[in-house]
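**Student:** The structure under discussion is supplied below as structure tokens; questions concerning it will follow.
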Amino acid sequence: MAPTSGLAVVDLTCSAETLPDGGEYDYVIVGAGSAGCVVASRLTEDPDVSVLLIESGGSERSWKFRVPGGQTFVKDWGPYGWLYETEADPSRANKVETWRRGRVLGGSSSINGLIYAIGLPRDFDLWEQMGASGWSWQDVEPYFRRAERCPSLDGRGQSGPMHVEIFRSPHSSTGDLIASAAAEGIQPVEDINLARGEAIGVAQSNQLRGFRQDSATAYLRPARRRPNLRVLTHAQVERVLFVQGEACGLKLVTRGKSYQVKARREVVLSAGAFGSPHLLMLSGIGPAEQLSALGIPIVADRASVGANLHDHPELYIEYEMKAPTYSSAMKWHQLALTGLKFAVARRGQATSCASHILAYARSSPDLVDPDLLLFSGPWGYLGDVFAFSGQINKYSLSPSLCHPRSRGRIELRSADPREGLRIIPNLLGDPDDVMRLMRGVRLVDRIARAKPFSDHLVARLLPDFELSDDASLEAFVRETAGICYHACGTCRMGNDRAAVVDPQLRVRGVGRLAVADASVIPLVTSGNLHAPSVMVGERAADLLRAPDRDARRH
């Protein structure tokens with residue numbers, strides 16, 4: 001189905017037949033995701049710079065993703081995403097999950113929940129305190145503003161490529177939910193992305209006239225006519241190539257043929273929190289003992305590659321509502337009405353993002369800063385398929401953690417690039433995370449039972465026991481907590497020698513190799529990760545083209 005957003009469908013890709021073996025570019029970028037599209041677009045603003053952008057998937061132009069609610073109809077995610085299956089997680093009753101990441105142009109920004117969340121300013125000040133010099137809020141705010149186009153929001157960027165708006169069609173109970181949160185001391189704000197502490201507001205979304213604005217739409221397609229940009233899809237990068245400790249290019253396979261491409265200046269990995277460390281390890285950069293056991297020649301012994309894996313653990317607290325919610329949205333008459341609202345007004349359920357509110361709250365009054373991230377939506381637990389079905393009008397409130405303490409890791413299963421990763425989530429390995437989530441469950445339940453939102457409720461469905469029962473609540477948290485698809489940290493940046501990349505995003509121990517994506521984030525932000533990943537891409541482009549850039553081995 002052709003997109004109806006008025007954006008032309010243009011083939012951005014070069015074919016395998018036109019990709020010369022041994023071809024040279026100034027920059028070769030792996031991964032056309034939230035950050036990779038940004039880096040490619042910004043670098044090619046200089047007509048004297050040539051860029052090859054490599055994506056393992058294909059086009060993102062399916063209506064199922066262009067229309068925000070369309071992914072309800074995706075039953076097979078294989079064509080659109082990397083489906084990473086985790087190891088059993090002992091911290092959560094041995095739960096096994098599939099961590100889905102985008103495998104199309106735009107990466108995860110093309111399949112995510114469309115929430116645009118900057119996080120809190122202190123998140124980035126913590127980055128700097130942890131050794132990411134030059135990444136404080138004062139340093140990164142201009143990059144957020146440069147990326148944004150927020151015509152209806154004062155104090156925000158007005159001319160960037162990334163369209164952002166306050167979610168246009170929140171559920172009818174959303175205003176009352178915000179009022180009930182205020183009764184619990186959480187300050188309502190008009191612009192949640194200007195919050196500096198505890199606050200609640202309607203979520204903001206990457207949409208323009210009701211259509212998804214992913215990184216490929218915002219950054220890549222406006223650059224499509226530049227002769228210095230080439231985009232190769234359906235290509236699997238197998239490893240980075242080195243000469244005397246400096247990255248000189250890549251080996252890749254596309255449509256059954258093997259190629260080598262060369263980078264005159266730098267190779268940039270923007271393959272995400274799983275893809276970038278995976279490629280580093282395949283290329284001989286990682287824990288030496290582990291790589292040697294798989295027969296991979298060591299280029300640089302970097303024990304931290306693949307470590308520091310973390311995500312926002314999330315819970316669904318479900319309620320039955322008096323008024324209709326999305327839980328029964330697949331009934332034919334509701335589908336017809338939803339389609340009509342979208343076609344006529346670009347509003348309604350089809351424009352829905354993954355949460356109708358965003359809030360930062362404290363799990364204890366003794367805390368100075370928020371430690372809880374709150375979501376909500378007119379649905380119950382959605383699982384991996386985003387399917388709505390059933391007869392009960394469900395509504396969920398979801399507490400999560402701004403900065404979880406638990407850390408997991410990823411490891412290679414094999415030296416074969418086609419083999420999957422071994423992912424050890426350890427999502428609730430730190431008992432403090434469990435305790436704060438327990439407090440989060442009690443907080444959202446107090447909000448739900450406060451007026452005026454309580455007027456919409458019939459009963460709490462899940463959990464179905466008294467929340468004063470600590471043992472049952474801890475078991476519920478451990479058994480039901482899941483990921484937010486905000487994996488990060490596996491190529492941590494910092495000033496210390498254990499960091500995978502330095503604050504200029506250069507991989508330590510080698511030359512002419514950089515990483516620019518969510519994997520470099522040392523500590524997950526207090527919100528969703530698309531906006532911070534775009535910011536990383538914006539800043540990476542400036543770092544890469546800086547006149548004094550020294551990409552040699554360091």
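In the structure tokens, chains take letters A, B, ... by order of appearance, with residues numbered from 1 within each chain and ligands from 1 in the order shown.
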At a cut-off of 10 Å, using only C-alpha atoms, what residues contact Pro222 of chain A? Leave out same-chain residues fewer than 5 positions from it and give the result as a ChimeraX atom specification.
**Tutor:** /A:41,161,216-217
**Student:** Please tabulate, as a tab-separated table, the residues of segment 72-136 of chain A that come within 12 Å of segment 143-153 of chain A, each with its closest pair of atoms and the distance in Å to one decimal, counting only C-alpha atoms and ordering rows by chain, then residue number upward.
**Tutor:**
residue	atom	partner	partner_atom	distance
A:Tyr116	CA	A:Glu148	CA	10.1
A:Ala117	CA	A:Phe144	CA	10.6
A:Ile118	CA	A:Phe144	CA	7.9
A:Gly119	CA	A:Phe144	CA	11.1
A:Pro121	CA	A:Phe144	CA	11.6
A:Trp135	CA	A:Tyr143	CA	10.6
A:Ser136	CA	A:Tyr143	CA	11.6
**Student:** Which distance in Å separates atom CA of Ser519 of chain A and atom CA of Glu314 of chain A, to one decimal?
**Tutor:**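 Rounded to one decimal, the two atoms are 20.1 Å apart.
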**Student:** Residues within 10 Å of Ala487 of chain A, please, as a list in words. Count only C-alpha atoms; anything in the same chain fewer than 2 positions from it doesn't count.
**Tutor:**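 Skipping anything fewer than 2 positions along the chain leaves Trp99, Arg101, Gly272, Ala273, Phe274, Asn308, Leu309, His310, Asp311, His312, Pro425, Ile483, Cys484, Tyr485, Gly489, Thr490, Ala518, Ser519, Ile521, Val524 and Leu529 of chain A.
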**Student:** Those same residues - C-alpha atoms - I'd like them written as a short mmCIF file (atom, residue, chain, number, x, y, z; two decimals), in the first residue's frame.
**Tutor:**
data_model
loop_
_atom_site.label_atom_id
_atom_site.label_comp_id
_atom_site.auth_asym_id
_atom_site.auth_seq_id
_atom_site.Cartn_x
_atom_site.Cartn_y
_atom_site.Cartn_z
CA TRP A 99 14.06 -8.08 22.31
CA ARG A 101 15.02 -4.02 17.19
CA GLY A 272 22.36 -0.25 18.01
CA ALA A 273 22.84 -1.66 21.48
CA PHE A 274 23.08 -5.21 20.13
CA ASN A 308 26.61 -2.58 30.98
CA LEU A 309 23.44 -3.77 29.21
CA HIS A 310 20.39 -2.20 30.79
CA ASP A 311 16.82 -1.17 30.03
CA HIS A 312 13.82 0.32 31.81
CA PRO A 425 19.31 -9.53 30.69
CA ILE A 483 11.58 -4.57 29.02
CA CYS A 484 10.67 -1.21 27.46
CA TYR A 485 12.79 -1.85 24.34
CA GLY A 489 25.09 0.95 27.35
CA THR A 490 26.89 -1.96 25.66
CA ALA A 518 22.30 4.04 22.02
CA SER A 519 25.09 1.59 22.85
CA ILE A 521 24.93 5.76 26.51
CA VAL A 524 19.84 5.19 30.38
CA LEU A 529 15.55 6.47 23.87
#
**Student:** Just give me the gap between atom CA of Glu165 of chain A and atom CA of Val534 of chain A in Å, one decimal is fine.
**Tutor:**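 Answer for the atom CA of Glu165 of chain A to atom CA of Val534 of chain A separation: 16.2 Å.
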**Student:** Residues near Ser364 of chain A, anyone? I mean within 12 Å using only C-alpha atoms, not counting same-chain ones fewer than 3 positions away, as a PDB file with N, CA, C and O atoms, in the first residue's frame.
**Tutor:**
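The file below, selection_33.pdb, is the result:
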ATOM      1  N   GLU A 184      -1.697  13.398  43.991  1.00  0.00           N
ATOM      2  CA  GLU A 184      -0.631  12.655  44.657  1.00  0.00           C
ATOM      3  C   GLU A 184       0.689  13.422  44.657  1.00  0.00           C
ATOM      4  O   GLU A 184       1.741  12.866  44.972  1.00  0.00           O
ATOM      5  N   GLY A 185       0.638  14.704  44.253  1.00  0.00           N
ATOM      6  CA  GLY A 185       1.809  15.563  44.344  1.00  0.00           C
ATOM      7  C   GLY A 185       2.682  15.620  43.111  1.00  0.00           C
ATOM      8  O   GLY A 185       3.776  16.194  43.149  1.00  0.00           O
ATOM      9  N   GLU A 198      10.007  16.192  39.109  1.00  0.00           N
ATOM     10  CA  GLU A 198       8.748  15.458  39.175  1.00  0.00           C
ATOM     11  C   GLU A 198       7.676  16.191  38.383  1.00  0.00           C
ATOM     12  O   GLU A 198       7.418  17.377  38.598  1.00  0.00           O
ATOM     13  N   ALA A 361       8.286  10.554  38.644  1.00  0.00           N
ATOM     14  CA  ALA A 361       7.784  10.580  40.020  1.00  0.00           C
ATOM     15  C   ALA A 361       8.812   9.995  40.965  1.00  0.00           C
ATOM     16  O   ALA A 361       9.802   9.382  40.545  1.00  0.00           O
ATOM     17  N   LEU A 367      13.244  11.094  48.660  1.00  0.00           N
ATOM     18  CA  LEU A 367      14.106  11.322  47.510  1.00  0.00           C
ATOM     19  C   LEU A 367      13.998  12.761  47.022  1.00  0.00           C
ATOM     20  O   LEU A 367      12.934  13.373  47.073  1.00  0.00           O
ATOM     21  N   VAL A 368      15.097  13.299  46.522  1.00  0.00           N
ATOM     22  CA  VAL A 368      15.101  14.637  45.942  1.00  0.00           C
ATOM     23  C   VAL A 368      14.678  14.585  44.477  1.00  0.00           C
ATOM     24  O   VAL A 368      13.855  15.378  44.019  1.00  0.00           O
ATOM     25  N   ASP A 369      15.219  13.618  43.734  1.00  0.00           N
ATOM     26  CA  ASP A 369      14.967  13.510  42.297  1.00  0.00           C
ATOM     27  C   ASP A 369      14.024  12.361  41.988  1.00  0.00           C
ATOM     28  O   ASP A 369      13.990  11.349  42.711  1.00  0.00           O
ATOM     29  N   PRO A 370      13.282  12.455  40.895  1.00  0.00           N
ATOM     30  CA  PRO A 370      12.418  11.340  40.487  1.00  0.00           C
ATOM     31  C   PRO A 370      13.231  10.088  40.186  1.00  0.00           C
ATOM     32  O   PRO A 370      14.322  10.169  39.604  1.00  0.00           O
ATOM     33  N   ASP A 371      12.704   8.952  40.586  1.00  0.00           N
ATOM     34  CA  ASP A 371      13.341   7.678  40.232  1.00  0.00           C
ATOM     35  C   ASP A 371      12.393   6.754  39.491  1.00  0.00           C
ATOM     36  O   ASP A 371      12.780   5.661  39.092  1.00  0.00           O
ATOM     37  N   LEU A 372      11.143   7.213  39.283  1.00  0.00           N
ATOM     38  CA  LEU A 372      10.152   6.415  38.571  1.00  0.00           C
ATOM     39  C   LEU A 372       9.751   7.100  37.272  1.00  0.00           C
ATOM     40  O   LEU A 372       9.598   8.327  37.220  1.00  0.00           O
ATOM     41  N   MET A 435      12.514  -3.295  44.879  1.00  0.00           N
ATOM     42  CA  MET A 435      11.843  -2.528  45.920  1.00  0.00           C
ATOM     43  C   MET A 435      11.230  -1.247  45.355  1.00  0.00           C
ATOM     44  O   MET A 435      10.107  -0.872  45.686  1.00  0.00           O
ATOM     45  N   ARG A 436      11.971  -0.566  44.469  1.00  0.00           N
ATOM     46  CA  ARG A 436      11.434   0.681  43.900  1.00  0.00           C
ATOM     47  C   ARG A 436      10.258   0.408  42.976  1.00  0.00           C
ATOM     48  O   ARG A 436       9.307   1.191  42.926  1.00  0.00           O
ATOM     49  N   LEU A 437      10.283  -0.706  42.251  1.00  0.00           N
ATOM     50  CA  LEU A 437       9.134  -1.056  41.421  1.00  0.00           C
ATOM     51  C   LEU A 437       7.916  -1.400  42.274  1.00  0.00           C
ATOM     52  O   LEU A 437       6.775  -1.069  41.906  1.00  0.00           O
ATOM     53  N   MET A 438       8.133  -2.046  43.393  1.00  0.00           N
ATOM     54  CA  MET A 438       7.017  -2.330  44.304  1.00  0.00           C
ATOM     55  C   MET A 438       6.375  -1.023  44.768  1.00  0.00           C
ATOM     56  O   MET A 438       5.143  -0.892  44.799  1.00  0.00           O
ATOM     57  N   ARG A 439       7.213  -0.044  45.107  1.00  0.00           N
ATOM     58  CA  ARG A 439       6.670   1.262  45.497  1.00  0.00           C
ATOM     59  C   ARG A 439       5.963   1.921  44.315  1.00  0.00           C
ATOM     60  O   ARG A 439       4.953   2.620  44.482  1.00  0.00           O
ATOM     61  N   GLY A 440       6.490   1.697  43.117  1.00  0.00           N
ATOM     62  CA  GLY A 440       5.859   2.255  41.932  1.00  0.00           C
ATOM     63  C   GLY A 440       4.476   1.686  41.693  1.00  0.00           C
ATOM     64  O   GLY A 440       3.551   2.409  41.291  1.00  0.00           O
ATOM     65  N   ARG A 442       2.431   0.608  43.989  1.00  0.00           N
ATOM     66  CA  ARG A 442       1.538   1.208  44.990  1.00  0.00           C
ATOM     67  C   ARG A 442       1.223   2.658  44.648  1.00  0.00           C
ATOM     68  O   ARG A 442       0.102   3.129  44.855  1.00  0.00           O
ATOM     69  N   LEU A 443       2.207   3.372  44.078  1.00  0.00           N
ATOM     70  CA  LEU A 443       1.964   4.764  43.705  1.00  0.00           C
ATOM     71  C   LEU A 443       0.922   4.858  42.590  1.00  0.00           C
ATOM     72  O   LEU A 443      -0.028   5.643  42.695  1.00  0.00           O
TER      73      LEU A 443
END
**Student:** Can you list, as a short mmCIF file (atom, residue, chain, number, x, y, z; two decimals) with N, CA, C and O atoms, in the first residue's frame, all residues belonging to segment 262-509 of chain A that DSSP tags as alpha helix (DSSP H)?
**Tutor:**
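File produced: selection-v4.cif:
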data_model
loop_
_atom_site.label_atom_id
_atom_site.label_comp_id
_atom_site.auth_asym_id
_atom_site.auth_seq_id
_atom_site.Cartn_x
_atom_site.Cartn_y
_atom_site.Cartn_z
N GLY A 272 23.18 -0.10 16.82
CA GLY A 272 22.36 -0.25 18.01
C GLY A 272 23.03 -0.99 19.15
O GLY A 272 24.18 -1.44 19.05
N ALA A 273 22.28 -1.11 20.24
CA ALA A 273 22.84 -1.66 21.48
C ALA A 273 23.22 -3.12 21.37
O ALA A 273 24.02 -3.62 22.15
N PHE A 274 22.67 -3.83 20.37
CA PHE A 274 23.08 -5.21 20.13
C PHE A 274 24.00 -5.31 18.92
O PHE A 274 25.02 -6.00 18.94
N GLY A 275 23.65 -4.63 17.84
CA GLY A 275 24.40 -4.76 16.61
C GLY A 275 25.81 -4.21 16.67
O GLY A 275 26.75 -4.82 16.13
N SER A 276 26.01 -3.07 17.33
CA SER A 276 27.35 -2.48 17.37
C SER A 276 28.34 -3.31 18.18
O SER A 276 29.44 -3.61 17.70
N PRO A 277 28.01 -3.74 19.41
CA PRO A 277 28.97 -4.60 20.12
C PRO A 277 29.15 -5.95 19.43
O PRO A 277 30.25 -6.52 19.48
N HIS A 278 28.11 -6.45 18.81
CA HIS A 278 28.22 -7.70 18.07
C HIS A 278 29.28 -7.57 16.99
O HIS A 278 30.18 -8.42 16.85
N LEU A 279 29.22 -6.50 16.23
CA LEU A 279 30.16 -6.29 15.14
C LEU A 279 31.58 -6.03 15.66
O LEU A 279 32.57 -6.50 15.08
N LEU A 280 31.70 -5.30 16.77
CA LEU A 280 33.02 -5.11 17.37
C LEU A 280 33.65 -6.44 17.74
O LEU A 280 34.82 -6.70 17.44
N MET A 281 32.87 -7.29 18.38
CA MET A 281 33.42 -8.57 18.82
C MET A 281 33.77 -9.46 17.63
O MET A 281 34.81 -10.13 17.63
N LEU A 282 32.92 -9.49 16.61
CA LEU A 282 33.23 -10.27 15.41
C LEU A 282 34.52 -9.78 14.75
O LEU A 282 35.22 -10.55 14.08
N ALA A 288 39.12 -10.51 25.35
CA ALA A 288 40.09 -11.35 24.63
C ALA A 288 39.86 -12.83 24.88
O ALA A 288 39.93 -13.64 23.94
N GLU A 289 39.62 -13.21 26.11
CA GLU A 289 39.46 -14.62 26.43
C GLU A 289 38.27 -15.22 25.69
O GLU A 289 38.36 -16.32 25.12
N GLN A 290 37.17 -14.48 25.68
CA GLN A 290 35.97 -14.97 25.01
C GLN A 290 36.18 -15.07 23.49
O GLN A 290 35.81 -16.07 22.87
N LEU A 291 36.81 -14.05 22.91
CA LEU A 291 37.00 -14.05 21.47
C LEU A 291 38.01 -15.13 21.05
O LEU A 291 37.81 -15.80 20.03
N SER A 292 39.07 -15.28 21.82
CA SER A 292 40.07 -16.30 21.49
C SER A 292 39.47 -17.69 21.51
O SER A 292 39.82 -18.55 20.69
N ALA A 293 38.57 -17.93 22.45
CA ALA A 293 37.93 -19.24 22.55
C ALA A 293 37.11 -19.56 21.30
O ALA A 293 36.88 -20.73 20.98
N TRP A 332 -15.16 -5.20 14.12
CA TRP A 332 -15.22 -4.61 12.79
C TRP A 332 -15.76 -3.19 12.81
O TRP A 332 -15.27 -2.31 12.09
N HIS A 333 -16.77 -2.92 13.66
CA HIS A 333 -17.36 -1.58 13.65
C HIS A 333 -16.39 -0.55 14.24
O HIS A 333 -16.36 0.61 13.82
N GLN A 334 -15.57 -0.98 15.21
CA GLN A 334 -14.59 -0.07 15.77
C GLN A 334 -13.46 0.19 14.78
O GLN A 334 -12.95 1.31 14.69
N LEU A 335 -13.07 -0.85 14.05
CA LEU A 335 -12.05 -0.65 13.02
C LEU A 335 -12.53 0.35 11.97
O LEU A 335 -11.77 1.21 11.51
N ALA A 336 -13.78 0.22 11.56
CA ALA A 336 -14.33 1.14 10.56
C ALA A 336 -14.33 2.56 11.07
O ALA A 336 -13.96 3.51 10.35
N LEU A 337 -14.75 2.76 12.32
CA LEU A 337 -14.79 4.10 12.89
C LEU A 337 -13.39 4.67 13.05
O LEU A 337 -13.15 5.85 12.77
N THR A 338 -12.45 3.83 13.46
CA THR A 338 -11.06 4.27 13.60
C THR A 338 -10.49 4.72 12.26
O THR A 338 -9.85 5.76 12.16
N GLY A 339 -10.74 3.93 11.22
CA GLY A 339 -10.26 4.28 9.90
C GLY A 339 -10.87 5.57 9.39
O GLY A 339 -10.19 6.40 8.77
N LEU A 340 -12.15 5.78 9.67
CA LEU A 340 -12.83 7.00 9.23
C LEU A 340 -12.26 8.23 9.93
O LEU A 340 -12.00 9.26 9.29
N LYS A 341 -12.03 8.13 11.24
CA LYS A 341 -11.47 9.26 11.99
C LYS A 341 -10.08 9.63 11.46
O LYS A 341 -9.75 10.81 11.35
N PHE A 342 -9.30 8.60 11.14
CA PHE A 342 -7.96 8.90 10.63
C PHE A 342 -8.03 9.51 9.25
O PHE A 342 -7.33 10.49 8.95
N ALA A 343 -8.87 8.98 8.38
CA ALA A 343 -8.96 9.48 7.01
C ALA A 343 -9.46 10.92 6.96
O ALA A 343 -8.98 11.73 6.17
N VAL A 344 -10.42 11.25 7.82
CA VAL A 344 -11.05 12.57 7.77
C VAL A 344 -10.26 13.61 8.56
O VAL A 344 -10.05 14.74 8.09
N ALA A 345 -9.80 13.24 9.76
CA ALA A 345 -9.22 14.24 10.66
C ALA A 345 -7.81 13.93 11.12
O ALA A 345 -7.21 14.75 11.83
N PRO A 431 18.39 -5.95 44.04
CA PRO A 431 17.17 -5.94 44.87
C PRO A 431 16.56 -4.55 45.02
O PRO A 431 15.33 -4.42 45.18
N ASP A 432 17.38 -3.50 44.94
CA ASP A 432 16.84 -2.15 45.06
C ASP A 432 15.88 -1.83 43.92
O ASP A 432 14.89 -1.13 44.12
N ASP A 433 16.15 -2.35 42.74
CA ASP A 433 15.23 -2.13 41.62
C ASP A 433 13.87 -2.75 41.90
O ASP A 433 12.82 -2.17 41.58
N VAL A 434 13.87 -3.92 42.49
CA VAL A 434 12.61 -4.59 42.83
C VAL A 434 11.83 -3.78 43.86
O VAL A 434 10.61 -3.57 43.72
N MET A 435 12.51 -3.30 44.88
CA MET A 435 11.84 -2.53 45.92
C MET A 435 11.23 -1.25 45.36
O MET A 435 10.11 -0.87 45.69
N ARG A 436 11.97 -0.57 44.47
CA ARG A 436 11.43 0.68 43.90
C ARG A 436 10.26 0.41 42.98
O ARG A 436 9.31 1.19 42.93
N LEU A 437 10.28 -0.71 42.25
CA LEU A 437 9.13 -1.06 41.42
C LEU A 437 7.92 -1.40 42.27
O LEU A 437 6.78 -1.07 41.91
N MET A 438 8.13 -2.05 43.39
CA MET A 438 7.02 -2.33 44.30
C MET A 438 6.37 -1.02 44.77
O MET A 438 5.14 -0.89 44.80
N ARG A 439 7.21 -0.04 45.11
CA ARG A 439 6.67 1.26 45.50
C ARG A 439 5.96 1.92 44.32
O ARG A 439 4.95 2.62 44.48
N GLY A 440 6.49 1.70 43.12
CA GLY A 440 5.86 2.26 41.93
C GLY A 440 4.48 1.69 41.69
O GLY A 440 3.55 2.41 41.29
N VAL A 441 4.30 0.40 41.92
CA VAL A 441 2.98 -0.23 41.79
C VAL A 441 2.00 0.42 42.77
O VAL A 441 0.86 0.76 42.40
N ARG A 442 2.43 0.61 43.99
CA ARG A 442 1.54 1.21 44.99
C ARG A 442 1.22 2.66 44.65
O ARG A 442 0.10 3.13 44.86
N LEU A 443 2.21 3.37 44.08
CA LEU A 443 1.96 4.76 43.70
C LEU A 443 0.92 4.86 42.59
O LEU A 443 -0.03 5.64 42.69
N VAL A 444 1.08 4.08 41.53
CA VAL A 444 0.12 4.21 40.43
C VAL A 444 -1.27 3.74 40.87
O VAL A 444 -2.29 4.26 40.37
N ASP A 445 -1.33 2.81 41.80
CA ASP A 445 -2.65 2.40 42.30
C ASP A 445 -3.30 3.51 43.11
O ASP A 445 -4.53 3.71 43.04
N ARG A 446 -2.50 4.25 43.88
CA ARG A 446 -3.06 5.40 44.61
C ARG A 446 -3.57 6.45 43.62
O ARG A 446 -4.63 7.07 43.84
N ILE A 447 -2.83 6.66 42.54
CA ILE A 447 -3.27 7.62 41.53
C ILE A 447 -4.59 7.15 40.91
O ILE A 447 -5.53 7.93 40.76
N ALA A 448 -4.66 5.88 40.57
CA ALA A 448 -5.87 5.35 39.92
C ALA A 448 -7.09 5.47 40.83
O ALA A 448 -8.21 5.68 40.35
N ASP A 470 3.63 -7.79 50.91
CA ASP A 470 4.96 -7.60 50.32
C ASP A 470 5.44 -8.82 49.53
O ASP A 470 6.00 -8.68 48.43
N ALA A 471 5.25 -10.01 50.08
CA ALA A 471 5.75 -11.22 49.42
C ALA A 471 5.07 -11.43 48.07
O ALA A 471 5.73 -11.73 47.07
N SER A 472 3.74 -11.25 48.06
CA SER A 472 3.02 -11.44 46.80
C SER A 472 3.38 -10.36 45.79
O SER A 472 3.50 -10.64 44.59
N LEU A 473 3.58 -9.14 46.28
CA LEU A 473 3.91 -8.05 45.36
C LEU A 473 5.30 -8.24 44.77
O LEU A 473 5.52 -8.00 43.58
N GLU A 474 6.26 -8.67 45.60
CA GLU A 474 7.60 -8.92 45.06
C GLU A 474 7.56 -10.03 44.01
O GLU A 474 8.19 -9.92 42.95
N ALA A 475 6.79 -11.08 44.29
CA ALA A 475 6.68 -12.16 43.31
C ALA A 475 6.04 -11.66 42.02
O ALA A 475 6.48 -12.03 40.92
N PHE A 476 5.03 -10.81 42.14
CA PHE A 476 4.37 -10.24 40.96
C PHE A 476 5.36 -9.43 40.13
O PHE A 476 5.41 -9.55 38.90
N VAL A 477 6.15 -8.60 40.81
CA VAL A 477 7.13 -7.77 40.10
C VAL A 477 8.13 -8.64 39.36
O VAL A 477 8.42 -8.43 38.17
N ARG A 478 8.66 -9.64 40.04
CA ARG A 478 9.67 -10.48 39.42
C ARG A 478 9.11 -11.33 38.28
O ARG A 478 9.79 -11.60 37.29
N GLU A 479 7.87 -11.75 38.41
CA GLU A 479 7.29 -12.64 37.39
C GLU A 479 6.78 -11.89 36.17
O GLU A 479 6.73 -12.44 35.07
N THR A 480 6.40 -10.62 36.34
CA THR A 480 5.74 -9.92 35.23
C THR A 480 6.53 -8.77 34.64
O THR A 480 6.19 -8.28 33.56
#
**Student:** Using only C-alpha atoms, which of the listed residues (A:His356, A:Arg226, A:Lys394, A:Lys95) sits closest to Gln204 of chain A?
**Tutor:**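 With only C-alpha atoms as the atom set, the closest residue is A:His356.
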**Student:** Here is a test: counting only C-alpha atoms, which residue of A:Arg103, A:Lys262, A:Arg549, A:Arg413 is nearest to Val28 of chain A?
**Tutor:**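 Answer, going by the shortest atom-to-atom distance: A:Lys262.
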**Student:** Please provide the set of residues having any atom within 12 Å of Asp46 of chain A, restricted to only C-alpha atoms, with same-chain residues fewer than 6 positions apart removed, written as a ChimeraX atom specification.
**Tutor:** /A:26,40,223,226-229,541-542,545
**Student:** What is the atom CA of Lys257 of chain A-atom CA of Ser270 of chain A distance in Å, reported with one decimal?
**Tutor:** 22.7 Å
**Student:** At a cut-off of 7 Å, using only C-alpha atoms, what residues contact segment 317-323 of chain A? Leave out same-chain residues fewer than 2 positions from it and give the result as a list in words.
**Tutor:**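 What passes the distance filter is Leu315, Thr325, Gly380, Ile392, Asn393, Lys394, Tyr395, Ser396, Leu397, Ser398, His456, Leu457, Val458, Ala459, Arg460, Leu461, Leu462 and Pro463 of chain A.
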